[in-house]
file model18.txt (compact mmCIF, C-alpha atoms)
# COMPACT_ATOMS: atom_id res chain seq x y z
CA MET A 1 70.95 -19.92 51.69
CA LYS A 2 67.34 -19.15 52.64
CA ARG A 3 68.18 -15.44 52.77
CA LEU A 4 69.88 -15.69 49.36
CA ILE A 5 66.83 -17.40 47.84
CA LEU A 6 64.54 -14.70 49.28
CA THR A 7 66.82 -11.99 47.91
CA ILE A 8 66.87 -13.55 44.44
CA THR A 9 63.08 -14.01 44.52
CA PHE A 10 62.59 -10.37 45.50
CA PHE A 11 64.98 -9.26 42.73
CA ILE A 12 63.04 -11.29 40.14
CA GLN A 13 59.73 -9.84 41.35
CA VAL A 14 61.09 -6.30 41.09
CA CYS A 15 62.49 -6.94 37.62
CA CYS A 16 59.20 -8.42 36.46
CA HIS A 17 57.31 -5.45 37.86
CA VAL A 18 59.58 -2.99 36.03
CA LEU A 19 59.42 -5.04 32.85
CA PHE A 20 55.64 -5.24 32.73
CA ALA A 21 54.84 -1.87 34.30
CA GLU A 22 55.83 -0.02 31.11
CA GLN A 23 56.25 -2.68 28.46
CA ILE A 24 56.58 -1.30 24.94
CA VAL A 25 53.72 -2.49 22.77
CA ARG A 26 54.19 -0.59 19.54
CA GLU A 27 56.13 2.39 18.23
CA PHE A 28 55.22 3.93 14.87
CA ARG A 29 57.82 6.03 13.08
CA PHE A 30 56.73 7.90 10.01
CA GLY A 31 58.88 8.04 6.90
CA GLY A 32 61.66 5.69 8.01
CA THR A 33 62.57 2.13 7.06
CA LYS A 34 63.24 0.38 10.38
CA LYS A 35 60.91 -2.45 11.36
CA ASN A 36 61.09 -4.99 14.18
CA GLN A 37 58.86 -6.43 16.88
CA THR A 38 58.20 -3.07 18.51
CA VAL A 39 59.10 -0.44 15.88
CA ILE A 40 57.11 -0.07 12.69
CA SER A 41 58.09 2.54 10.11
CA LEU A 42 55.35 3.74 7.79
CA ARG A 43 56.39 5.24 4.47
CA GLU A 44 52.82 5.68 3.29
CA ALA A 45 49.42 6.13 4.93
CA GLN A 46 47.68 2.75 5.03
CA ALA A 47 44.07 1.98 5.86
CA TYR A 48 43.50 -0.11 8.97
CA LYS A 49 43.58 -3.86 8.32
CA ASP A 50 42.74 -6.47 10.90
CA LYS A 51 45.58 -8.71 9.75
CA GLN A 52 48.31 -6.15 10.42
CA GLY A 53 46.50 -4.60 13.41
CA TYR A 54 47.13 -0.92 12.70
CA GLY A 55 46.36 1.83 10.21
CA PHE A 56 44.19 4.84 9.44
CA GLU A 57 40.41 4.70 9.86
CA PHE A 58 37.33 6.12 8.11
CA SER A 59 39.21 6.75 4.83
CA THR A 60 41.27 9.51 6.47
CA GLU A 61 44.52 8.04 5.12
CA GLN A 62 43.83 10.10 1.99
CA ASP A 63 44.24 13.29 4.06
CA VAL A 64 47.66 12.32 5.46
CA ARG A 65 51.08 12.84 3.84
CA ILE A 66 54.13 10.94 5.06
CA ASN A 67 57.45 12.59 4.20
CA SER A 68 60.40 10.19 4.04
CA LYS A 69 62.89 13.06 3.88
CA ASN A 70 61.67 14.78 7.05
CA LYS A 71 60.54 11.49 8.59
CA SER A 72 57.18 12.85 9.60
CA LEU A 73 53.45 12.61 9.09
CA PHE A 74 51.66 15.82 8.12
CA SER A 75 47.98 16.73 7.84
CA GLU A 76 45.83 19.82 8.11
CA LYS A 77 42.64 17.74 8.20
CA PRO A 78 41.19 15.42 10.85
CA PHE A 79 42.40 11.82 10.77
CA TYR A 80 42.08 8.64 12.86
CA PHE A 81 44.82 6.14 13.60
CA SER A 82 44.09 2.79 15.27
CA VAL A 83 46.17 0.00 16.80
CA ARG A 84 44.79 -3.34 17.97
CA VAL A 85 45.60 -3.84 21.67
CA PRO A 86 44.16 -5.88 24.54
CA GLU A 87 42.27 -4.39 27.48
CA GLY A 88 44.34 -2.25 29.83
CA ASN A 89 45.92 1.14 30.44
CA TYR A 90 48.30 2.58 27.86
CA LYS A 91 50.72 5.47 27.90
CA ILE A 92 50.73 7.26 24.56
CA THR A 93 53.68 9.42 23.56
CA ILE A 94 53.32 11.68 20.52
CA THR A 95 56.43 13.38 19.18
CA TYR A 96 55.56 16.66 17.48
CA GLN A 97 57.77 18.36 14.92
CA GLY A 98 57.65 22.08 14.33
CA LEU A 99 57.20 23.41 10.81
CA ASN A 100 59.82 25.64 9.23
CA ASP A 101 57.69 28.70 8.59
CA LYS A 102 54.83 28.95 11.07
CA PRO A 103 53.42 27.69 14.36
CA TYR A 104 50.44 25.36 14.43
CA ARG A 105 47.97 23.88 16.93
CA SER A 106 46.95 20.29 17.52
CA THR A 107 44.09 18.61 19.38
CA VAL A 108 44.07 14.88 20.10
CA ARG A 109 41.20 12.71 21.32
CA SER A 110 41.07 9.00 22.01
CA GLU A 111 38.40 6.37 21.41
CA SER A 112 34.92 7.95 21.58
CA ARG A 113 35.96 11.61 21.62
CA ARG A 114 37.86 11.60 24.92
CA LEU A 115 39.82 14.84 25.09
CA GLN A 116 43.54 14.18 25.65
CA ILE A 117 45.49 17.10 24.16
CA GLU A 118 43.77 20.45 23.80
CA ASN A 119 44.85 23.06 21.27
CA GLN A 120 48.55 22.34 21.77
CA GLU A 121 50.78 25.00 20.19
CA VAL A 122 53.83 23.79 18.27
CA LEU A 123 56.38 26.48 17.50
CA PRO A 124 58.51 26.55 14.31
CA ASN A 125 61.50 24.19 14.29
CA LYS A 126 60.71 22.87 17.76
CA SER A 127 60.24 19.18 18.59
CA PHE A 128 58.82 17.77 21.82
CA ASP A 129 56.82 14.89 23.31
CA ARG A 130 53.29 14.93 24.75
CA THR A 131 52.15 11.94 26.80
CA PHE A 132 48.80 10.81 28.16
CA ILE A 133 47.01 7.68 29.38
CA VAL A 134 44.21 5.88 27.54
CA HIS A 135 42.14 3.10 29.08
CA ILE A 136 40.97 0.33 26.74
CA LYS A 137 38.10 -1.90 27.86
CA ASP A 138 36.23 -4.88 26.46
CA PRO A 139 32.91 -6.46 27.52
CA LYS A 140 34.43 -9.73 28.77
CA ILE A 141 34.32 -10.45 32.50
CA ALA A 142 36.71 -12.81 34.29
CA SER A 143 33.78 -14.94 35.46
CA GLY A 144 32.98 -15.82 31.83
CA GLU A 145 30.07 -13.39 31.70
CA THR A 146 29.96 -10.33 29.44
CA VAL A 147 28.62 -6.81 29.82
CA ALA A 148 25.14 -6.54 28.30
CA LEU A 149 25.92 -3.83 25.77
CA LYS A 150 23.08 -1.79 24.28
CA LYS A 151 22.37 -2.78 20.69
CA PRO A 152 23.17 -1.36 18.24
CA ARG A 153 24.43 1.78 20.00
CA GLU A 154 27.32 0.40 22.02
CA LEU A 155 28.31 -2.25 19.49
CA GLN A 156 29.22 0.58 17.11
CA LYS A 157 31.20 2.66 19.59
CA LEU A 158 34.96 3.06 19.41
CA ASP A 159 34.99 2.62 23.19
CA TRP A 160 34.03 -1.05 22.98
CA ASP A 161 36.02 -2.37 20.02
CA ASN A 162 39.38 -4.16 20.17
CA LYS A 163 41.44 -1.17 19.08
CA LEU A 164 43.03 1.93 20.53
CA THR A 165 41.92 4.78 18.27
CA LEU A 166 43.45 8.26 18.24
CA GLU A 167 41.61 11.16 16.63
CA PHE A 168 43.83 14.03 15.44
CA GLN A 169 42.36 17.47 14.85
CA GLN A 170 43.63 20.82 13.51
CA THR A 171 47.19 20.62 12.13
CA ASN A 172 49.60 17.80 12.93
CA CYS A 173 53.23 17.15 12.07
CA ILE A 174 54.28 14.00 13.92
CA SER A 175 57.40 11.86 13.76
CA THR A 176 56.47 9.12 16.27
CA ILE A 177 53.52 7.58 18.08
CA ARG A 178 54.66 5.33 20.92
CA ILE A 179 52.32 3.01 22.85
CA GLU A 180 53.27 1.38 26.16
CA SER A 181 51.14 -0.77 28.43
CA VAL A 182 51.17 0.44 32.05
CA SER A 183 49.89 -1.25 35.17
CA ASN A 184 51.27 0.91 37.96
CA VAL A 185 48.84 3.85 37.82
CA PRO A 186 45.53 4.20 39.68
CA THR A 187 42.43 3.89 37.52
CA VAL A 188 39.40 6.12 38.05
CA PHE A 189 36.31 4.16 37.00
CA LEU A 190 33.25 6.23 36.08
CA ALA A 191 29.78 4.80 36.68
CA GLY A 192 26.87 6.88 35.44
CA ASN A 193 24.41 7.74 32.70
CA SER A 194 24.43 9.97 29.60
CA THR A 195 25.67 12.98 31.56
CA VAL A 196 28.89 11.01 32.18
CA VAL A 197 29.26 8.66 29.17
CA ASN A 198 31.73 9.14 26.32
CA GLN A 199 29.26 10.52 23.78
CA GLU A 200 30.11 9.27 20.30
CA ASP A 201 28.25 11.89 18.25
CA GLU A 202 28.40 15.65 17.88
CA PRO A 203 27.11 17.87 19.33
CA TRP A 204 26.62 15.86 22.55
CA ALA A 205 29.34 15.57 25.16
CA SER A 206 29.75 14.68 28.84
CA TRP A 207 32.17 15.57 31.58
CA GLY A 208 33.54 12.01 31.64
CA GLN A 209 35.12 12.43 28.19
CA MET A 210 36.58 15.87 28.98
CA ILE A 211 38.29 15.07 32.26
CA PRO A 212 41.18 12.91 30.88
CA ARG A 213 42.68 16.10 29.42
CA PHE A 214 43.39 17.40 32.95
CA PHE A 215 45.42 14.45 34.27
CA ASP A 216 49.06 13.59 33.73
CA THR A 217 50.32 10.05 33.15
CA GLY A 218 49.83 9.17 36.80
CA VAL A 219 46.09 8.52 36.43
CA ALA A 220 43.91 6.52 34.01
CA ILE A 221 40.22 7.29 33.39
CA ALA A 222 37.99 4.28 32.62
CA ASN A 223 34.54 5.49 31.63
CA HIS A 224 31.92 2.72 32.02
CA ALA A 225 28.91 5.06 32.01
CA GLU A 226 26.14 4.55 29.46
CA SER A 227 23.05 6.48 28.38
CA GLY A 228 19.71 5.62 29.92
CA LEU A 229 21.06 3.76 32.93
CA ALA A 230 20.01 3.87 36.57
CA LEU A 231 21.87 2.21 39.42
CA SER A 232 19.66 -0.86 38.95
CA SER A 233 20.27 -1.23 35.19
CA PHE A 234 24.00 -0.55 35.65
CA LEU A 235 23.96 -3.56 37.95
CA SER A 236 21.73 -5.80 35.83
CA SER A 237 23.83 -5.17 32.70
CA LYS A 238 26.86 -6.40 34.72
CA ARG A 239 28.77 -3.14 34.45
CA LEU A 240 29.65 -2.98 38.13
CA GLU A 241 30.69 -6.64 37.95
CA LYS A 242 32.97 -5.74 35.04
CA ILE A 243 34.56 -2.89 37.00
CA LEU A 244 35.07 -5.06 40.07
CA SER A 245 36.69 -7.76 37.94
CA VAL A 246 39.52 -5.44 36.83
CA ALA A 247 39.77 -2.96 39.74
CA LYS A 248 42.80 -3.07 42.00
CA PRO A 249 43.52 -1.60 45.44
CA GLY A 250 43.98 2.16 45.23
CA ASP A 251 41.62 2.61 42.27
CA TYR A 252 38.65 4.98 42.40
CA LEU A 253 34.96 4.62 41.52
CA PHE A 254 33.06 7.84 40.75
CA ILE A 255 29.30 7.20 41.00
CA GLU A 256 26.78 9.64 39.47
CA PHE A 257 23.16 8.54 39.04
CA GLY A 258 19.70 9.96 39.60
CA HIS A 259 18.12 11.08 36.32
CA ASN A 260 16.91 7.64 35.30
CA ASP A 261 16.44 6.37 38.86
CA GLN A 262 13.53 8.85 39.03
CA LYS A 263 11.67 6.76 36.46
CA GLU A 264 11.70 3.52 38.44
CA LYS A 265 8.42 2.07 39.66
CA GLY A 266 7.59 -0.43 42.37
CA GLU A 267 7.49 -0.79 46.10
CA ASN A 268 11.23 -0.20 46.58
CA ALA A 269 11.51 2.73 44.13
CA GLY A 270 12.51 6.13 45.42
CA ALA A 271 15.45 8.23 46.50
CA TYR A 272 15.54 6.99 50.08
CA LYS A 273 14.74 3.36 49.25
CA GLY A 274 16.17 1.44 46.29
CA TYR A 275 18.40 4.29 45.11
CA SER A 276 20.07 4.72 48.51
CA ASP A 277 20.34 0.96 49.05
CA ARG A 278 22.09 0.52 45.72
CA LEU A 279 24.47 3.41 46.38
CA ARG A 280 25.45 1.67 49.61
CA TYR A 281 25.97 -1.57 47.66
CA PHE A 282 28.28 0.14 45.12
CA VAL A 283 30.30 1.66 47.94
CA ARG A 284 30.53 -1.57 49.92
CA GLU A 285 31.56 -3.73 46.94
CA PHE A 286 34.20 -1.33 45.69
CA ARG A 287 35.67 -0.87 49.14
CA ALA A 288 35.93 -4.65 49.40
CA LYS A 289 38.33 -4.49 46.42
CA GLY A 290 40.49 -2.00 48.27
CA GLY A 291 39.17 0.87 46.16
CA LEU A 292 38.03 4.39 46.99
CA PRO A 293 34.41 5.21 46.04
CA VAL A 294 33.30 8.81 45.45
CA ILE A 295 29.62 9.85 45.21
CA LEU A 296 28.54 12.67 42.89
CA THR A 297 25.10 14.23 42.98
CA SER A 298 23.37 14.38 39.58
CA THR A 299 23.89 17.33 37.28
CA ALA A 300 20.85 19.60 37.36
CA ARG A 301 18.61 19.96 34.33
CA ARG A 302 18.19 23.32 32.64
CA ALA A 303 14.68 24.32 33.78
CA PHE A 304 13.65 27.90 34.59
CA ASP A 305 10.26 29.23 35.69
CA GLU A 306 8.57 32.30 34.18
CA GLN A 307 10.43 34.56 36.60
CA GLY A 308 13.80 33.13 35.50
CA LYS A 309 14.36 31.10 38.65
CA LEU A 310 16.04 27.73 38.25
CA LEU A 311 13.78 24.78 39.07
CA GLN A 312 15.11 21.66 40.77
CA THR A 313 13.67 18.69 38.86
CA LEU A 314 15.53 15.81 40.51
CA GLY A 315 13.43 15.70 43.66
CA ASP A 316 15.03 13.98 46.66
CA PHE A 317 17.77 12.19 44.73
CA PRO A 318 20.57 14.74 45.29
CA ASP A 319 19.70 14.87 49.00
CA ALA A 320 19.67 11.07 49.22
CA ALA A 321 23.15 10.91 47.62
CA ARG A 322 24.44 13.47 50.13
CA LYS A 323 22.99 11.49 53.03
CA VAL A 324 24.52 8.18 51.89
CA ALA A 325 27.90 9.87 51.43
CA ALA A 326 27.73 11.30 54.94
CA GLU A 327 26.50 8.02 56.44
CA LEU A 328 29.28 5.94 54.87
CA GLN A 329 31.93 8.67 55.06
CA VAL A 330 32.39 8.70 51.31
CA PRO A 331 33.84 11.77 49.55
CA LEU A 332 31.02 13.80 47.94
CA ILE A 333 31.19 16.02 44.85
CA ASP A 334 27.99 18.05 44.75
CA LEU A 335 27.51 18.49 41.02
CA ASN A 336 23.84 19.27 41.47
CA GLN A 337 24.72 22.37 43.46
CA LYS A 338 27.64 23.37 41.24
CA THR A 339 25.73 22.99 37.96
CA SER A 340 22.79 24.94 39.41
CA LEU A 341 25.10 27.85 40.19
CA PHE A 342 26.54 27.55 36.68
CA TYR A 343 23.16 27.79 34.92
CA GLU A 344 22.05 30.67 37.13
CA ALA A 345 25.27 32.55 36.38
CA LEU A 346 24.70 32.17 32.63
CA GLY A 347 21.00 33.01 32.82
CA VAL A 348 17.93 31.72 31.01
CA GLU A 349 19.07 32.31 27.44
CA GLN A 350 22.84 32.08 27.70
CA SER A 351 22.64 28.76 29.59
CA LYS A 352 21.45 27.21 26.32
CA ARG A 353 25.06 27.62 25.17
CA ALA A 354 26.06 24.78 27.52
CA PHE A 355 23.40 22.38 26.20
CA VAL A 356 22.45 20.78 22.91
CA HIS A 357 20.46 23.74 21.57
CA TYR A 358 21.05 24.19 17.84
CA PRO A 359 18.90 25.19 14.86
CA ALA A 360 18.31 22.62 12.13
CA HIS A 361 21.20 21.90 9.72
CA THR A 362 23.91 23.07 12.13
CA PHE A 363 25.44 19.58 11.87
CA PRO A 364 25.41 16.96 9.09
CA ASN A 365 22.24 14.84 9.03
CA GLN A 366 20.50 17.23 11.44
CA GLU A 367 17.09 17.83 9.89
CA ASN A 368 15.39 19.31 12.96
CA ASP A 369 16.08 21.86 15.67
CA LEU A 370 17.77 20.48 18.77
CA ALA A 371 16.51 21.73 22.15
CA ASP A 372 17.87 19.37 24.81
CA ASN A 373 17.90 20.67 28.39
CA THR A 374 19.52 17.60 29.96
CA HIS A 375 22.50 16.78 27.75
CA PHE A 376 25.54 18.97 27.32
CA ASN A 377 27.51 20.16 24.34
CA PRO A 378 31.34 20.16 24.49
CA TYR A 379 31.51 23.58 26.17
CA GLY A 380 29.05 22.59 28.91
CA ALA A 381 30.77 19.21 29.42
CA TYR A 382 34.16 20.92 29.70
CA GLU A 383 32.89 23.31 32.37
CA ILE A 384 31.35 20.45 34.38
CA ALA A 385 34.63 18.51 34.16
CA LYS A 386 36.21 21.51 35.88
CA MET A 387 33.57 21.24 38.61
CA VAL A 388 34.54 17.61 39.14
CA LEU A 389 38.21 18.61 39.35
CA THR A 390 37.27 21.23 41.93
CA GLY A 391 35.49 18.52 43.92
CA ILE A 392 38.55 16.28 43.75
CA LYS A 393 40.68 19.06 45.21
CA GLU A 394 38.07 19.98 47.83
CA ASN A 395 38.07 16.36 49.05
CA ASN A 396 41.88 16.18 49.08
CA LEU A 397 41.88 13.02 46.98
CA LYS A 398 45.38 11.75 46.20
CA ILE A 399 44.74 11.91 42.46
CA ALA A 400 44.61 15.71 42.82
CA ASP A 401 48.43 15.57 42.72
CA HIS A 402 48.16 14.49 39.08
CA ILE A 403 45.85 17.30 37.90
CA VAL A 404 47.49 19.58 35.32
CA ASP A 405 46.64 22.93 33.70
CA PHE A 406 43.97 23.68 36.28
CA GLN A 407 44.08 26.48 38.82
CA GLY A 408 40.52 26.19 40.11
CA PHE A 409 37.01 26.92 38.91
CA ASP A 410 34.09 29.00 40.15
CA PRO A 411 30.78 27.90 38.52
CA GLN A 412 29.44 31.40 39.13
CA GLN A 413 32.23 32.78 36.95
CA PRO A 414 32.42 30.27 34.08
CA ASP A 415 34.69 30.44 31.07
CA ASP A 416 33.42 32.58 28.21
CA PHE A 417 31.69 30.29 25.71
CA LYS A 418 32.59 32.78 22.96
CA THR A 419 36.24 31.79 23.30
CA TRP A 420 35.51 28.05 23.45
CA TYR A 421 36.96 26.07 20.57
CA TRP A 422 36.09 22.46 19.76
CA PRO A 423 36.80 21.14 16.25
CA PRO A 424 33.90 18.74 15.57
CA SER A 425 34.61 15.07 15.07
CA LEU A 426 34.04 13.45 11.70
CA ILE A 427 31.93 10.67 13.22
CA ASN A 428 28.55 12.31 13.53
CA SER A 429 25.17 10.77 13.00
CA VAL A 430 23.23 13.29 15.14
CA ILE A 431 21.32 10.51 16.91
CA LYS A 432 19.56 11.58 20.08
CA PRO A 433 21.10 9.87 23.15
CA ASP A 434 19.16 6.88 24.46
CA GLY A 435 17.71 8.44 27.59
CA ASN A 436 19.72 10.16 30.30
call {"tool": "encode", "arguments": {"input": "model18.txt", "output": "structure tokens"}}
result
Amino acid sequence: MKRLILTITFFIQVCCHVLFAEQIVREFRFGGTKKNQTVISLREAQAYKDKQGYGFEFSTEQDVRINSKNKSLFSEKPFYFSVRVPEGNYKITITYQGLNDKPYRSTVRSESRRLQIENQEVLPNKSFDRTFIVHIKDPKIASGETVALKKPRELQKLDWDNKLTLEFQQTNCISTIRIESVSNVPTVFLAGNSTVVNQEDEPWASWGQMIPRFFDTGVAIANHAESGLALSSFLSSKRLEKILSVAKPGDYLFIEFGHNDQKEKGENAGAYKGYSDRLRYFVREFRAKGGLPVILTSTARRAFDEQGKLLQTLGDFPDAARKVAAELQVPLIDLNQKTSLFYEALGVEQSKRAFVHYPAHTFPNQENDLADNTHFNPYGAYEIAKMVLTGIKENNLKIADHIVDFQGFDPQQPDDFKTWYWPPSLINSVIKPDGN
């Protein structure tokens, strides 16, 4: 009898795990009539309404046509579609339909411009599914505390609202969008500053919002980085506490700081003092959750002397990160070294192509020239994401098994920026990031 009870209990646990590991949340079919608890058929493009919990955002419903005959959504303009969901990881499945007469290409981003599908070709009369994982977070912490979000910046970001938002670019002919909650994939939490954060506005971008594109549905990326933060302010704003409250054994924490830590004052300030102590604290606390911390040295700034030699402006901070990683036997991704090689390969003038260097009026609301030697544009962010992927493979991290469409990257032989294509997002206020 005892053995029977144990067997039944085990069976129930397994069933519950399967049930909740990939529980269907919503499925949207375009042009049909069926509607139930999980399937919603849309015969016309509707603006998002809180009451119904789904719809098109930013008035883009006017750029979408839903064809009841072909049971598909079609648009050749950017549009946003949102669904209200709770915090967690979600598998998104998009079913593409080919057109009758010509191929087309689609790009899909999630939340605050996280790249998910890049320039996907859809051939005539061909239908297929593309899937990816999106992490949704909220500022609530299990202890009853909340993350101290920056006002008004973070309060306005798609990353922190109560919706899952998909941004569609180029041409799209879609029959279904399917959303499933998943709990059985490792989550890679990102802790950092503006070189890591999901930048909301063109033309800024960071490697943290490019890297989701290179993982299959076996990994979720949860970007908790924010502009202007040091290790100390990441702690004081309860961001590490938030991560620890939702992290599970087998998850990862990628830690990249240094730019703003340079600015700290006081007796304990400095690379080998407070900065190193806090790095050790991050590592210790995340390991206590059964997680795997990874330390990244800070991306180098673009700074050349009169002879065209790259200057290192981060002082002892990259060295301190290397030493802590070695001391605690933590995997290290040396972005400072890799980005330095990248800038040197491009040269003094061409390296501007990886940063926010644009003449006035290149973007809407941009009245002045932009000459930012710390923050990256989408091309630069994409290249640095490849450096992070290289570091993951070099360290033989298990998540490397889930990397897709990536054969390796040499920062001394970067991709040609002339062939880089990034359709700009509609949300664009051209506001300078709040610090590094």
call {"tool": "residues_around", "arguments": {"input": "model18.txt", "residues": "Ile211 of chain A", "least_positions_apart": "3", "cutoff": "8 Å", "atoms": "all atoms listed in the file", "output": "CSV table (one decimal) with C-alpha atoms, keeping the file's coordinate frame"}}
result
chain,number,residue,atom,x,y,z
A,115,LEU,CA,39.8,14.8,25.1
A,207,TRP,CA,32.2,15.6,31.6
A,208,GLY,CA,33.5,12.0,31.6
A,214,PHE,CA,43.4,17.4,33.0
A,215,PHE,CA,45.4,14.4,34.3
A,382,TYR,CA,34.2,20.9,29.7
A,385,ALA,CA,34.6,18.5,34.2
A,386,LYS,CA,36.2,21.5,35.9
A,389,LEU,CA,38.2,18.6,39.4
call {"tool": "residues_around", "arguments": {"input": "model18.txt", "residues": "Thr313 of chain A", "least_positions_apart": "2", "cutoff": "8 Å", "atoms": "only C-alpha atoms", "output": "list in words"}}
result
Ala300, Arg301, Ala303, Leu311 and Gly315 of chain A
call {"tool": "write_last_selection", "arguments": {"input": "model18.txt", "atoms": "C-alpha atoms", "output": "short mmCIF file (atom, residue, chain, number, x, y, z; two decimals), keeping the file's coordinate frame"}}
result
data_model
loop_
_atom_site.label_atom_id
_atom_site.label_comp_id
_atom_site.auth_asym_id
_atom_site.auth_seq_id
_atom_site.Cartn_x
_atom_site.Cartn_y
_atom_site.Cartn_z
CA ALA A 300 20.85 19.60 37.36
CA ARG A 301 18.61 19.96 34.33
CA ALA A 303 14.68 24.32 33.78
CA LEU A 311 13.78 24.78 39.07
CA GLY A 315 13.43 15.70 43.66
#
call {"tool": "axis_aligned_box", "arguments": {"input": "model18.txt", "around": "segment 51-60 of chain A", "padding_each_side": "6 Å", "output": "lines of an AutoDock Vina configuration file"}}
result
center_x = 42.8
center_y = 0.4
center_z = 9.1
size_x = 23.0
size_y = 30.2
size_z = 20.6
call {"tool": "atom_distance", "arguments": {"input": "model18.txt", "atom1": "atom CA of Ser175 of chain A", "atom2": "atom CA of Phe30 of chain A"}}
result
5.5 Å
call {"tool": "closest_residue", "arguments": {"input": "model18.txt", "among": "A:Trp160, A:Phe234, A:Tyr343, A:Phe28", "to": "Ile177 of chain A", "atoms": "all atoms listed in the file"}}
result
A:Phe28
call {"tool": "closest_residue", "arguments": {"input": "model18.txt", "among": "A:Gln37, A:Pro378, A:Arg239, A:Asp410", "to": "Glu200 of chain A", "atoms": "all atoms listed in the file"}}
result
A:Pro378
call {"tool": "closest_residue", "arguments": {"input": "model18.txt", "among": "A:Val219, A:Ile136, A:Ile117, A:Ala45", "to": "Lys398 of chain A", "atoms": "all atoms listed in the file"}}
result
A:Val219
call {"tool": "atom_distance", "arguments": {"input": "model18.txt", "atom1": "atom CA of Pro359 of chain A", "atom2": "atom CA of Asn198 of chain A"}}
result
23.5 Å
call {"tool": "closest_residue", "arguments": {"input": "model18.txt", "among": "A:Ile333, A:Ala47, A:Ala191, A:Ile399", "to": "Ala220 of chain A", "atoms": "all atoms listed in the file"}}
result
A:Ile399
call {"tool": "closest_residue", "arguments": {"input": "model18.txt", "among": "A:Phe355, A:Pro411, A:Ala345, A:Glu44", "to": "Glu202 of chain A", "atoms": "all atoms listed in the file"}}
result
A:Phe355
call {"tool": "closest_residue", "arguments": {"input": "model18.txt", "among": "A:Thr171, A:Ser232, A:Thr93, A:Thr297", "to": "Phe282 of chain A", "atoms": "only C-alpha atoms"}}
result
A:Ser232
call {"tool": "residues_around", "arguments": {"input": "model18.txt", "residues": "Leu426 of chain A", "least_positions_apart": "2", "cutoff": "10 Å", "atoms": "only C-alpha atoms", "output": "list in words"}}
result
Phe58, Thr60, Pro78, Phe79, Tyr80, Glu167, Gln169, Asp201, Glu202, Pro364, Pro423, Pro424, Asn428 and Ser429 of chain A
call {"tool": "write_last_selection", "arguments": {"input": "model18.txt", "atoms": "C-alpha atoms", "output": "short mmCIF file (atom, residue, chain, number, x, y, z; two decimals), in the frame of the given file"}}
result
data_model
loop_
_atom_site.label_atom_id
_atom_site.label_comp_id
_atom_site.auth_asym_id
_atom_site.auth_seq_id
_atom_site.Cartn_x
_atom_site.Cartn_y
_atom_site.Cartn_z
CA PHE A 58 37.33 6.12 8.11
CA THR A 60 41.27 9.51 6.47
CA PRO A 78 41.19 15.42 10.85
CA PHE A 79 42.40 11.82 10.77
CA TYR A 80 42.08 8.64 12.86
CA GLU A 167 41.61 11.16 16.63
CA GLN A 169 42.36 17.47 14.85
CA ASP A 201 28.25 11.89 18.25
CA GLU A 202 28.40 15.65 17.88
CA PRO A 364 25.41 16.96 9.09
CA PRO A 423 36.80 21.14 16.25
CA PRO A 424 33.90 18.74 15.57
CA ASN A 428 28.55 12.31 13.53
CA SER A 429 25.17 10.77 13.00
#
call {"tool": "residues_around", "arguments": {"input": "model18.txt", "residues": "Gln156 of chain A", "least_positions_apart": "6", "cutoff": "12 Å", "atoms": "only C-alpha atoms", "output": "ChimeraX atom specification"}}
result
/A:111-112,149-150,162,199-201,427,429
call {"tool": "atom_distance", "arguments": {"input": "model18.txt", "atom1": "atom CA of Val122 of chain A", "atom2": "atom CA of Asn100 of chain A"}}
result
11.0 Å
call {"tool": "residues_around", "arguments": {"input": "model18.txt", "residues": "Lys140 of chain A", "least_positions_apart": "3", "cutoff": "12 Å", "atoms": "all atoms listed in the file", "output": "list in words"}}
result
Pro86, Glu87, Lys137, Ser143, Gly144, Glu145, Thr146, Val147, Ala148, Leu149, Trp160, Asp161, Asn162, Lys238, Arg239, Glu241, Lys242, Ile243, Ser245 and Val246 of chain A
